[in-house]
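Chemist: Quick one: this structure, given as structure tokens, is what I'll be asking you about.
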Amino acid sequence: MKPLQQFFALLRFQAFASPGIWIFPVAFSFGPCISLMSGDTWWGLSLPLSSSTMLFMIPMMIAAFVFIPELWTGMTGANQQAQQNLQGCSADFLLTRAVDRPVVFRARATLYWILILLSAVILLALASRKPSVSMEVPLKPPGAGMVYLETLPGAFVAKATESTETIFLPAGRLAIAGTLVLLSIACSAFWQGFVFAISGLKFKRWIFFAAVIGVSCSPFVLLAGGNHFLENLVFLILKHPVAAVGLTGIFVAAAWAFSAARAKRIEYP
Amino acid sequence: MLIALHPSSGVPVYRQVLQQVRERILGGQLKRGEQLPSVRELSAMAGINPLTAAKVYQFLEAEGLVETRRGQGTFVAGDAKKLSAASRRAEIEPALRQLVAEAIHLGIERGDLQRLVAATFESIKSGENL
Amino acid sequence: MNTEAIIVENITRGYGGPPVLQGLDFRVSRGSIYGFLGRNGSGKTTALKTLAGLIRPESGSVRVLGGDPWTFGAGERQRVGYVSEKQSLPPLGRVAKLVKFCAQLYPAWDHELCDGLLNRFQIPLKSRVAKLSLGQQRLLAFVLALAPRPDVLLLDEPAANLDVVARREFLDQILELIRDGKKSVLFSTHILSDVERVADRVGILSDGKLVVDESLDDLKESVRQLRFFGFQGPPPAEIPGALRVRRDKNELMAVLRLNGPDAPAQIAARLGCQVEDNPLSLEDLFIELTRNSR
């Protein structure tokens, strides 16, 4: 079968071999959608960013299911049947069919990105229905509102009281959504590379679960250190959108190239 | 040709099939000049590896019991009857040696043994004619 | 086109600890069925995975149909089938869908054979793969590997969950595959009677290499159990070259490799005793040859 035909056959097959994987984009974007869409007035970025960990962590799970399903074999507590259901498609079945390994990789990677971008699309679509938001900023410390006026186009101060000012951001919600999408794409690229980097290692299961725990704990770490890391990152992106998109693009391409090269050399003992 | 096999016995499969085909030829069930199944057919009928079937025919040909005609197949040799005397002796030889060795071991004299053989021959032969 | 479907040359492979395969070396000719035997953990699965191109040997080389299976693309894989006990088929789709997916990958897919076998093995097309019994899944995996009429069929414990009837049917299918003399089958199994039924050559894997690699007929004819009795004096303590010797009063039972049909008589003459020649089943042979090793 020609590579292109193989590609589509494999893509169709992978997509429906484990239909449970389509839950991920929904789960993925559920929390962020809620927090991004809630209310017309925000008090700082903490609300919209509150579910962002989901955006950064779920690609990790999708990557594991799509690229290295064998990670889940032999898990204690999972009997044969459950294991099979999780696995989707064991490598030593698929790779011993008449397929080219690089095409298998490409089909899997394409499926992965379809899932990631699906959530991105959902998020952006929702945000564009109500693109504007008002930001209520305390007047002390002074100049806190400046960053919004500088980075978001069309922003203006709508109202000011003794202690706060309200800045209206006509495309604020959309912009924040866009930034989150960009960050999640960058994270997805990272997790794709990560999963392939660990796939040859003996202790990949341990490493993976350590990473899961690490990422789950990160919001608490950020909170302890002051939540501003993520906020500052968001503002940075908003200030230099073109560079941010460009860098993300390069990062995605690099991660793809890296994982493609690794995929060629993975063994399945 | 229906072949009975015991693959797990210590006797190799080819030898089992060989013996059975040989018996049929020597016993006259397969007539002079009669065509035998092809290697493929034999292997399918007996449920054996075609290499084994081929080996059986090789041995039969070496013993002069069959001949292969190119493009036509394998046939029971025309002079199967003539060579059959030698083949029959070869067939019975292992059992004969075992019998004689046992008899010697048990201390049976040659004369007694010969009488025993004759008596057994008669009893089985007449049993057949009943 | 050479006559060897599979060439394994001196391969080594380990998983961090002591090597599982150490200098494994054997060949499988076209038209042959090779029975690959060995105790648990002897490395059979590792060897088969190397042939399937799922892992690479650390040293030595592997050739299947003249090429290195690790580098096989879709074209070469058309001609190699692989079934493993541990393989899991995609569980959530229906059988019919899985068959359709596989069939499109192989231009030489024999639909008639596939449908006929699924029918014969009573595998319901509409069922989800996960709902099939383990035995049915094994059979399905087998049918999927067999339907493209591959030139080489690699089977790792293929009959593990099959009942007696299914196993017999499965063996018949293997014989049918190689009947044209051009295809080969390599199968590893614990069920020695299956090997006796169809294999023309056997290899016994022990301590990472083959301790036996010969035709099944030769093996059965040369390794035999001899009972020596009727010694004039006390029987000797050992018989040189014997695989195993058991003594009881003035009898000896030895498992030996003989170098000709007259060997038992010769040995008996040398020892000054009588001999009784007993054939061994493959199972007995296997036990004698691998009793003390891994």
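Numbering starts fresh at 1 for the residues of each chain in the structure tokens, the chains themselves are lettered A, B, ... in the order given, and ligands are numbered from 1 as they appear.
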Check every residue of chain C for an atom within 7 Å of chain A, counting only C-alpha atoms, and provide those that qualify as a list in words.
Modeler: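 Residues of chain C within 7 Å of chain A, counting only C-alpha atoms: Ala52, Leu54, Ile55, Gly73, Ala74, Gly75, Arg77, Gln78, Tyr82, Gln87, Ser88, Leu89, Pro90, Pro91, Leu92, Gly93, Leu105 and Tyr106 of chain C.
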Chemist: Store the residues picked out above in a file with N, CA and C atoms, as a compact mmCIF listing (two decimals), in the first residue's frame.
Modeler:
```txt
# COMPACT_ATOMS: atom_id res chain seq x y z
N ALA C 52 11.13 -10.83 13.91
CA ALA C 52 9.98 -10.02 13.51
C ALA C 52 10.36 -8.55 13.35
N LEU C 54 11.18 -6.49 15.80
CA LEU C 54 10.73 -5.66 16.91
C LEU C 54 11.89 -5.27 17.82
N ILE C 55 12.93 -6.07 17.81
CA ILE C 55 14.15 -5.71 18.55
C ILE C 55 15.34 -6.06 17.67
N GLY C 73 10.26 -2.41 5.43
CA GLY C 73 9.15 -1.49 5.21
C GLY C 73 7.92 -2.29 4.86
N ALA C 74 6.89 -1.59 4.47
CA ALA C 74 5.61 -2.26 4.19
C ALA C 74 5.77 -3.35 3.14
N GLY C 75 6.59 -3.10 2.15
CA GLY C 75 6.76 -4.07 1.06
C GLY C 75 7.27 -5.41 1.55
N ARG C 77 7.29 -6.49 4.63
CA ARG C 77 6.43 -7.04 5.66
C ARG C 77 5.21 -7.76 5.08
N GLN C 78 4.94 -7.50 3.81
CA GLN C 78 3.86 -8.25 3.15
C GLN C 78 4.10 -9.74 3.27
N TYR C 82 3.51 -12.60 11.69
CA TYR C 82 3.99 -12.79 13.06
C TYR C 82 2.81 -12.91 14.00
N GLN C 87 0.81 -10.93 22.04
CA GLN C 87 0.30 -9.87 21.19
C GLN C 87 -1.12 -9.54 21.62
N SER C 88 -1.44 -8.26 21.71
CA SER C 88 -2.86 -8.03 21.93
C SER C 88 -3.44 -7.29 20.73
N LEU C 89 -4.53 -7.80 20.29
CA LEU C 89 -5.21 -7.19 19.17
C LEU C 89 -5.97 -5.97 19.67
N PRO C 90 -6.18 -4.99 18.81
CA PRO C 90 -6.95 -3.82 19.23
C PRO C 90 -8.31 -4.26 19.75
N PRO C 91 -8.60 -3.98 21.00
CA PRO C 91 -9.74 -4.64 21.63
C PRO C 91 -11.11 -4.06 21.34
N LEU C 92 -11.13 -2.77 20.99
CA LEU C 92 -12.45 -2.15 21.01
C LEU C 92 -13.21 -2.20 19.70
N GLY C 93 -12.51 -2.49 18.64
CA GLY C 93 -13.23 -2.54 17.36
C GLY C 93 -13.89 -3.89 17.15
N LEU C 105 -4.16 -3.61 3.76
CA LEU C 105 -2.71 -3.42 3.74
C LEU C 105 -2.00 -4.44 2.85
N TYR C 106 -2.70 -5.51 2.50
CA TYR C 106 -2.03 -6.59 1.76
C TYR C 106 -2.71 -6.86 0.42
```
Chemist: So that I can check the secondary structure, give me every residue of chain B assigned strand (DSSP E or B) by backbone DSSP, as number ranges by chain.
Modeler: B: 35-36, 66-69, 73-76
Chemist: Which residues, written as a PyMOL selection string, have at least one atom at most 6 Å from Phe168 in chain A, with only C-alpha atoms counted and residues fewer than 5 positions away on the same chain left out?
Modeler: chain A and resi 134+155-156+158
Chemist: Taking only C-alpha atoms into account and nothing else, which residues of chain C lie no more than 6 Å away from chain B? Please answer as a PyMOL selection string.
Modeler: chain C and resi 193+196-198+217+279-281
Chemist: Residues within 9 Å of range 109-115 of chain C, please, as number ranges by chain. Count only C-alpha atoms; anything in the same chain fewer than 5 positions from it doesn't count.
Modeler: C: 99, 102-104, 120, 143-144, 146-149
Chemist: Restricted to C-alpha atoms, what would the selected residues look like written as a tab-separated table (two decimals), in the first residue's frame?
Modeler:
```tsv
chain	number	residue	atom	x	y	z
C	99	VAL	CA	-10.12	-7.76	9.23
C	102	CYS	CA	-5.61	-5.59	7.71
C	103	ALA	CA	-6.94	-6.73	4.35
C	104	GLN	CA	-6.38	-3.31	2.82
C	120	ARG	CA	-14.35	-22.75	10.64
C	143	VAL	CA	-5.92	-15.90	10.60
C	144	LEU	CA	-4.81	-12.28	10.21
C	146	LEU	CA	-2.03	-16.29	7.52
C	147	ALA	CA	-4.47	-14.62	5.13
C	148	PRO	CA	-1.82	-12.72	3.15
C	149	ARG	CA	-0.11	-16.08	2.43
```
Chemist: Taking the DSSP assignment computed from this structure's backbone, write out as a PyMOL selection string all residues of range 60-123 of chain B that belong to helix (DSSP H, G or I).
Modeler: chain B and resi 60-62+80-106+110-123
Chemist: May I have the residues from that selection written out with N, CA and C atoms, as a CSV table (one decimal), in the first residue's frame?
Modeler:
```csv
chain,number,residue,atom,x,y,z
B,60,LEU,N,11.3,-45.3,-0.8
B,60,LEU,CA,10.7,-46.4,-1.6
B,60,LEU,C,11.4,-46.6,-2.9
B,61,GLU,N,11.8,-45.4,-3.5
B,61,GLU,CA,12.5,-45.5,-4.8
B,61,GLU,C,13.8,-46.2,-4.6
B,62,ALA,N,14.5,-45.9,-3.5
B,62,ALA,CA,15.8,-46.5,-3.3
B,62,ALA,C,15.7,-48.0,-3.1
B,80,ALA,N,8.2,-54.9,-8.8
B,80,ALA,CA,8.0,-54.9,-7.4
B,80,ALA,C,8.0,-56.3,-6.8
B,81,LYS,N,7.3,-57.2,-7.5
B,81,LYS,CA,7.2,-58.6,-7.0
B,81,LYS,C,8.6,-59.2,-6.8
B,82,LYS,N,9.5,-59.0,-7.9
B,82,LYS,CA,10.8,-59.6,-7.8
B,82,LYS,C,11.6,-59.2,-6.6
B,83,LEU,N,11.6,-57.9,-6.4
B,83,LEU,CA,12.4,-57.4,-5.3
B,83,LEU,C,11.7,-57.6,-4.0
B,84,SER,N,10.5,-57.9,-4.1
B,84,SER,CA,9.7,-58.0,-2.8
B,84,SER,C,10.3,-59.0,-1.9
B,85,ALA,N,10.9,-60.1,-2.4
B,85,ALA,CA,11.5,-61.0,-1.5
B,85,ALA,C,12.5,-60.4,-0.6
B,86,ALA,N,13.4,-59.6,-1.2
B,86,ALA,CA,14.4,-59.0,-0.4
B,86,ALA,C,13.8,-57.9,0.6
B,87,SER,N,12.8,-57.2,0.0
B,87,SER,CA,12.2,-56.2,0.9
B,87,SER,C,11.5,-56.8,2.0
B,88,ARG,N,10.8,-57.9,1.8
B,88,ARG,CA,10.0,-58.5,2.8
B,88,ARG,C,11.0,-59.0,3.9
B,89,ARG,N,12.1,-59.5,3.5
B,89,ARG,CA,13.1,-59.9,4.5
B,89,ARG,C,13.5,-58.7,5.3
B,90,ALA,N,13.8,-57.6,4.6
B,90,ALA,CA,14.2,-56.4,5.3
B,90,ALA,C,13.2,-55.9,6.3
B,91,GLU,N,11.9,-56.1,5.9
B,91,GLU,CA,10.8,-55.6,6.7
B,91,GLU,C,10.8,-56.4,8.0
B,92,ILE,N,11.0,-57.7,7.9
B,92,ILE,CA,10.7,-58.5,9.1
B,92,ILE,C,12.0,-58.6,10.0
B,93,GLU,N,13.1,-58.2,9.4
B,93,GLU,CA,14.4,-58.4,10.1
B,93,GLU,C,14.4,-57.9,11.5
B,94,PRO,N,14.0,-56.6,11.8
B,94,PRO,CA,14.1,-56.1,13.2
B,94,PRO,C,13.4,-57.0,14.2
B,95,ALA,N,12.1,-57.4,13.8
B,95,ALA,CA,11.3,-58.2,14.8
B,95,ALA,C,12.0,-59.6,14.9
B,96,LEU,N,12.5,-60.1,13.8
B,96,LEU,CA,13.2,-61.4,13.8
B,96,LEU,C,14.4,-61.4,14.8
B,97,ARG,N,15.2,-60.4,14.6
B,97,ARG,CA,16.4,-60.3,15.5
B,97,ARG,C,16.0,-60.2,16.9
B,98,GLN,N,15.0,-59.4,17.2
B,98,GLN,CA,14.6,-59.3,18.6
B,98,GLN,C,14.1,-60.6,19.1
B,99,LEU,N,13.3,-61.3,18.3
B,99,LEU,CA,12.8,-62.6,18.7
B,99,LEU,C,13.9,-63.6,19.0
B,100,VAL,N,14.8,-63.7,18.1
B,100,VAL,CA,15.9,-64.6,18.3
B,100,VAL,C,16.8,-64.3,19.5
B,101,ALA,N,17.1,-63.0,19.6
B,101,ALA,CA,17.9,-62.6,20.8
B,101,ALA,C,17.2,-62.9,22.1
B,102,GLU,N,15.9,-62.7,22.1
B,102,GLU,CA,15.2,-63.0,23.3
B,102,GLU,C,15.2,-64.5,23.6
B,103,ALA,N,15.0,-65.3,22.5
B,103,ALA,CA,15.0,-66.7,22.7
B,103,ALA,C,16.3,-67.2,23.2
B,104,ILE,N,17.4,-66.7,22.6
B,104,ILE,CA,18.7,-67.1,23.1
B,104,ILE,C,18.9,-66.7,24.6
B,105,HIS,N,18.4,-65.5,24.9
B,105,HIS,CA,18.5,-65.1,26.3
B,105,HIS,C,17.8,-66.0,27.2
B,106,LEU,N,16.6,-66.4,26.8
B,106,LEU,CA,15.8,-67.3,27.6
B,106,LEU,C,16.3,-68.7,27.7
B,110,ARG,N,17.7,-73.9,19.4
B,110,ARG,CA,17.4,-73.5,18.0
B,110,ARG,C,16.2,-74.4,17.5
B,111,GLY,N,16.4,-75.7,17.8
B,111,GLY,CA,15.3,-76.6,17.3
B,111,GLY,C,14.0,-76.3,17.9
B,112,ASP,N,14.0,-76.0,19.2
B,112,ASP,CA,12.7,-75.7,19.8
B,112,ASP,C,12.1,-74.4,19.2
B,113,LEU,N,13.0,-73.5,19.0
B,113,LEU,CA,12.5,-72.2,18.4
B,113,LEU,C,11.9,-72.5,17.0
B,114,GLN,N,12.6,-73.3,16.2
B,114,GLN,CA,12.0,-73.5,14.9
B,114,GLN,C,10.7,-74.2,14.9
B,115,ARG,N,10.5,-75.1,15.9
B,115,ARG,CA,9.2,-75.8,16.1
B,115,ARG,C,8.2,-74.8,16.5
B,116,LEU,N,8.6,-73.9,17.4
B,116,LEU,CA,7.6,-72.9,17.9
B,116,LEU,C,7.1,-72.0,16.7
B,117,VAL,N,8.1,-71.6,15.9
B,117,VAL,CA,7.8,-70.7,14.8
B,117,VAL,C,6.8,-71.4,13.9
B,118,ALA,N,7.1,-72.7,13.6
B,118,ALA,CA,6.2,-73.4,12.6
B,118,ALA,C,4.8,-73.5,13.2
B,119,ALA,N,4.7,-73.8,14.5
B,119,ALA,CA,3.4,-74.0,15.1
B,119,ALA,C,2.6,-72.7,15.1
B,120,THR,N,3.3,-71.6,15.5
B,120,THR,CA,2.7,-70.3,15.5
B,120,THR,C,2.2,-69.9,14.1
B,121,PHE,N,3.0,-70.2,13.1
B,121,PHE,CA,2.7,-70.0,11.7
B,121,PHE,C,1.4,-70.6,11.3
B,122,GLU,N,1.3,-71.9,11.7
B,122,GLU,CA,0.1,-72.7,11.3
B,122,GLU,C,-1.1,-72.1,12.0
B,123,SER,N,-0.9,-71.8,13.3
B,123,SER,CA,-2.1,-71.4,14.1
B,123,SER,C,-2.7,-70.1,13.6
```
Chemist: Just how far from CA of Ile123 in chain C is CA of Gln136 in chain C, in Å to one decimal?
Modeler: 6.4 Å
Chemist: Using only C-alpha atoms, determine which residues lie at most 8 Å from range 37-49 of chain A, disregarding the query and same-chain residues fewer than 4 positions distant; provide the list as a PyMOL selection string.
Modeler: chain A and resi 32-33+126-127+130+132-137+173+176+227+230-231
Chemist: With C-alpha atoms kept, could you save the residues just selected as a PDB file, in the first residue's frame?
Modeler:
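Writing the result to out_15.pdb gives the following:
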```pdb
ATOM      1  CA  PRO A  32     -10.412  26.020  31.092  1.00  0.00           C
ATOM      2  CA  CYS A  33     -13.645  26.775  29.214  1.00  0.00           C
ATOM      3  CA  LEU A 126     -16.168  29.817  22.835  1.00  0.00           C
ATOM      4  CA  ALA A 127     -14.007  32.809  23.617  1.00  0.00           C
ATOM      5  CA  LYS A 130     -17.860  36.713  24.090  1.00  0.00           C
ATOM      6  CA  SER A 132     -14.629  41.173  25.659  1.00  0.00           C
ATOM      7  CA  VAL A 133     -14.133  41.295  29.376  1.00  0.00           C
ATOM      8  CA  SER A 134     -13.679  43.937  32.020  1.00  0.00           C
ATOM      9  CA  MET A 135     -10.754  43.859  34.339  1.00  0.00           C
ATOM     10  CA  GLU A 136     -11.087  45.378  37.772  1.00  0.00           C
ATOM     11  CA  VAL A 137      -7.702  46.448  39.014  1.00  0.00           C
ATOM     12  CA  ARG A 173     -10.994  37.146  26.694  1.00  0.00           C
ATOM     13  CA  ILE A 176      -6.128  35.364  26.924  1.00  0.00           C
ATOM     14  CA  ASN A 227       1.163  33.193  41.169  1.00  0.00           C
ATOM     15  CA  LEU A 230       2.133  32.381  34.672  1.00  0.00           C
ATOM     16  CA  GLU A 231       0.661  35.858  34.545  1.00  0.00           C
TER      17      GLU A 231
END
```
Chemist: I'd like to know which of C:Leu175, C:Ile204, C:Ala237, C:Leu155 is closest to Ser32 in chain C, using only C-alpha atoms.
Modeler: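 Among the listed residues, the smallest separation from Ser32 in chain C belongs to C:Leu175.
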Chemist: With a distance cut-off of 7 Å and only C-alpha atoms, select the neighbouring residues of Leu174 in chain A, excluding the residue or stretch itself and same-chain residues fewer than 2 positions from it, and output the selection as a list in words.
Modeler: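 Returned residues: Leu124, Ala127, Ser128, Pro131, Ala171, Gly172, Ile176, Ala177 and Gly178 of chain A.
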Chemist: Give me, as a ChimeraX atom specification, all polymer residues having an atom no more than 10 Å from Leu139 in chain A, counting only C-alpha atoms and skipping those fewer than 5 positions away in the same chain.
Modeler: /A:144-145,160-166
Chemist: Go ahead and dump the residues you just picked, N, CA and C atoms, as a PDB file, in the first residue's frame.
Modeler:
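Output saved as again_28.pdb:
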```pdb
ATOM      1  N   ALA A 144      -0.788  49.142  38.237  1.00  0.00           N
ATOM      2  CA  ALA A 144      -1.104  47.734  37.990  1.00  0.00           C
ATOM      3  C   ALA A 144      -1.915  47.583  36.719  1.00  0.00           C
ATOM      4  N   GLY A 145      -2.709  48.583  36.451  1.00  0.00           N
ATOM      5  CA  GLY A 145      -3.556  48.482  35.264  1.00  0.00           C
ATOM      6  C   GLY A 145      -2.826  48.784  33.971  1.00  0.00           C
ATOM      7  N   ALA A 160     -13.661  54.399  37.139  1.00  0.00           N
ATOM      8  CA  ALA A 160     -12.683  54.434  38.237  1.00  0.00           C
ATOM      9  C   ALA A 160     -13.390  54.796  39.515  1.00  0.00           C
ATOM     10  N   THR A 161     -13.054  54.073  40.562  1.00  0.00           N
ATOM     11  CA  THR A 161     -13.599  54.434  41.877  1.00  0.00           C
ATOM     12  C   THR A 161     -12.436  54.818  42.760  1.00  0.00           C
ATOM     13  N   GLU A 162     -12.714  54.899  44.050  1.00  0.00           N
ATOM     14  CA  GLU A 162     -11.628  55.294  44.971  1.00  0.00           C
ATOM     15  C   GLU A 162     -10.505  54.280  44.992  1.00  0.00           C
ATOM     16  N   SER A 163     -10.879  53.030  45.013  1.00  0.00           N
ATOM     17  CA  SER A 163      -9.818  52.034  45.230  1.00  0.00           C
ATOM     18  C   SER A 163      -9.502  51.215  43.992  1.00  0.00           C
ATOM     19  N   THR A 164     -10.434  51.193  43.045  1.00  0.00           N
ATOM     20  CA  THR A 164     -10.171  50.345  41.872  1.00  0.00           C
ATOM     21  C   THR A 164     -10.455  51.096  40.586  1.00  0.00           C
ATOM     22  N   GLU A 165      -9.917  50.583  39.530  1.00  0.00           N
ATOM     23  CA  GLU A 165     -10.341  51.063  38.219  1.00  0.00           C
ATOM     24  C   GLU A 165     -10.745  49.856  37.376  1.00  0.00           C
ATOM     25  N   THR A 166     -11.695  50.094  36.515  1.00  0.00           N
ATOM     26  CA  THR A 166     -12.161  49.018  35.653  1.00  0.00           C
ATOM     27  C   THR A 166     -11.702  49.302  34.233  1.00  0.00           C
TER      28      THR A 166
END
```
Chemist: Could you work out how far CA of Ala160 in chain C lies from CA of Leu65 in chain C, giving the answer in Å with one decimal?
Modeler: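 Taking CA of Leu65 in chain C as the start and CA of Ala160 in chain C as the end point, the length is 27.0 Å.
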Chemist: Have a look at B:Met45, B:Ala53, B:Val66, B:Ala4 and name the one nearest to Ile25 in chain B; count only C-alpha atoms.
Modeler: B:Val66
